[in-house]
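Read through the structure below, which is laid out as C-alpha cells, and then see the notes.
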Amino acid sequence: MAAQLVSKSERAYIQASLQATPPLRGDGRGLLDFRTVLLETGVAPLANGSAKLNIGKMPHEGGGGTEVLAATKLEVEDVESGDGIDGGRVVCSVSCSPSAYPHLTSNALDELQHDLTVILQQTIGHPSLHPQNLTIIPRKKSWLLNLDAVILADAGNAVDALFMAARAALWDTKVPRTRAVEYQAPEDSRTTRDSASAMDVDNREAIPAASGFDTREMVRTAADFELPDYWDEGEVLHGRERWPVCVTLNLLPPSHFLDATPSEEASVPLRMHLMFSFASPSAPKLQSMRLLGPGELDSAQIKSYISEGEKYARELFNALETKLREEDVRRNVKARDRFAQR
C-alpha cells in the first residue's frame with residue numbers, strides 16, 4: 001500500500017526486467033508465483049478467533065516478510081436500548097505498526113489505516129456475507145463481532161495478506177452457545193395460619209417444585225441468557241465458507257504479476273484489488289474491486305483482468321481452505337484434551 005521510494009533508474013530497471021523475455025524478478029520467482037505463506041490460528045487466547053499470517057519469511061534468517069495478526073472478539077449488544085441491531089453486526093478495524101512504515105508520518109499512517117479499514121469493512125461487512133448466528137435473543141440481544149487486524153511488518157502485498165489473515169480469524173471464530181432464560185414470578189400464593197401447629201403454610205400447589213428459571217420454549221419471552229459449558233467453546237460462524245480472499249494484480253500492460261515486493265510496488269504503481277467469494281465452487285462471486293494508482297483501463301481490459309484474477313483467487317482460496325481445515329483438526333484435538341483435564 002505505502003510504497004517505498006525508488007529512483008527513476010531503479011524503476012526503469014525493474015520495469016524492463018518484468019517485461020523481458022523471460023521475465024526477471026529480484027528473488028527469482030515467476031510473474032504469477034507467491035512467496036512462502038505461513039499461517040497459524042488460535043494465537044490469541046483471549047480472542048474468539050485469531051490468526052497470524054506471514055508472506056515471504058526468510059527461511060534461513062528467521063525473519064522478514066509481510067506479517068499480519070488478526071483477531072475477533074464478540075460483545076453482547078442491547079438491541080432495544082443500545083447500539084445493537086437485530087441479527088448482530090460486524091465491525092472491522094485495521095491498525096499499522098509504525099515500525100512497518102518508518103518512512104510515513106503519523107498523519108500519513110492514519111490515512112493508510114483508514115483506507116485499509118474502509119476496504120476491509122466494505123467487503124467483510126457486506127450484507128451478503130453476514131453470519132446468521134449472531135442473534136442471542138430476537139429483538140433484544142445480539143452479538144457485535146469485532147474484527148481487528150494489525151499489520152506488524154510490510155514487505156509487499158499487504159492487502160492480500162490482510163484478507164487472508166482476516167479470513168483465517170473469522171474461520172477460527174467460535175460463537176458461544178447460549179440458552180434463553182426467563183424468570184417466572186410465583187403466582188398469587190396464600191399464606192395461611194395452621195392453628196394446630198401455629199406455623200405459616202404456603203399453599204403453592206400450582207407452582208412446581210423446580211427452579212424459578214425455566215429454559216423451555218422461551219424464545220419470545222426470554223429476558224436473559226446463559227452460557228452452557230461445552231468443550232468446543234461454541235459453534236463456528238454460519239457461512240464461513242463465504243469469507244472472501246483478495247488477489248492483487250500489479251499491472252504493467254500488457255502483462256501483470258502477483259505478490260509484489262516493496263520495490264516492485266513502487267515501480268509499478270497501478271494495481272487492481274479483486275475480492276472473490278467462493279461459497280459455491282461453480283459460481284464465484286466478485287465481492288468488490290478497487291483500482292489504485294495512476295493510469296486508466298478500458299472495459300475490455302478490466303473484464304480480462306477480472307477473469308484472470310478469478311483463476312488466481314480460486315487457487316489461493318483452495319490452498320488457504322486446505323490449511324484452515326488442517327488447523328481445525330489440530331485445534332479441536334487440543335480443545336478436547338484441555339476440556340478432559342478440567
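Chain labels A, B, ... are given in the sequence in which chains occur in the C-alpha cells; within each chain residues are numbered consecutively from 1, and ligands are likewise numbered from 1 in the order shown.
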Applying 9 Å and only C-alpha atoms, which residues near region 133-150 of chain A remain after dropping the ones on its own chain fewer than 5 positions away? List them as a ChimeraX atom specification. /A:67-81,84-97,162,165-166,169-170,175,177-180,219-220,222-225,235-238
Can you build me a table of region 93-189 of chain A residues sitting at most 6 Å from region 34-49 of chain A, with the closest atom pair per residue and its distance in Å to one decimal, using only C-alpha atoms, sorted by chain and residue number, as a Markdown table?
| residue | atom | partner | partner_atom | distance |
| --- | --- | --- | --- | --- |
| A:Ala169 | CA | A:Gly49 | CA | 5.1 |
| A:Asp172 | CA | A:Gly49 | CA | 4.8 |
| A:Thr173 | CA | A:Gly49 | CA | 3.8 |
| A:Lys174 | CA | A:Asn48 | CA | 5.7 |
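Of the residues listed (A:Leu5, A:Asp154, A:Thr123, A:Arg11), A:Thr123 shows the shortest atom-to-atom separation from Met289 (chain A); distances use only C-alpha atoms.
Closest to Ser263 (chain A) among A:Gly156, A:Gly82, A:Gly234, A:Gly30 is A:Gly156, based on only C-alpha atoms.
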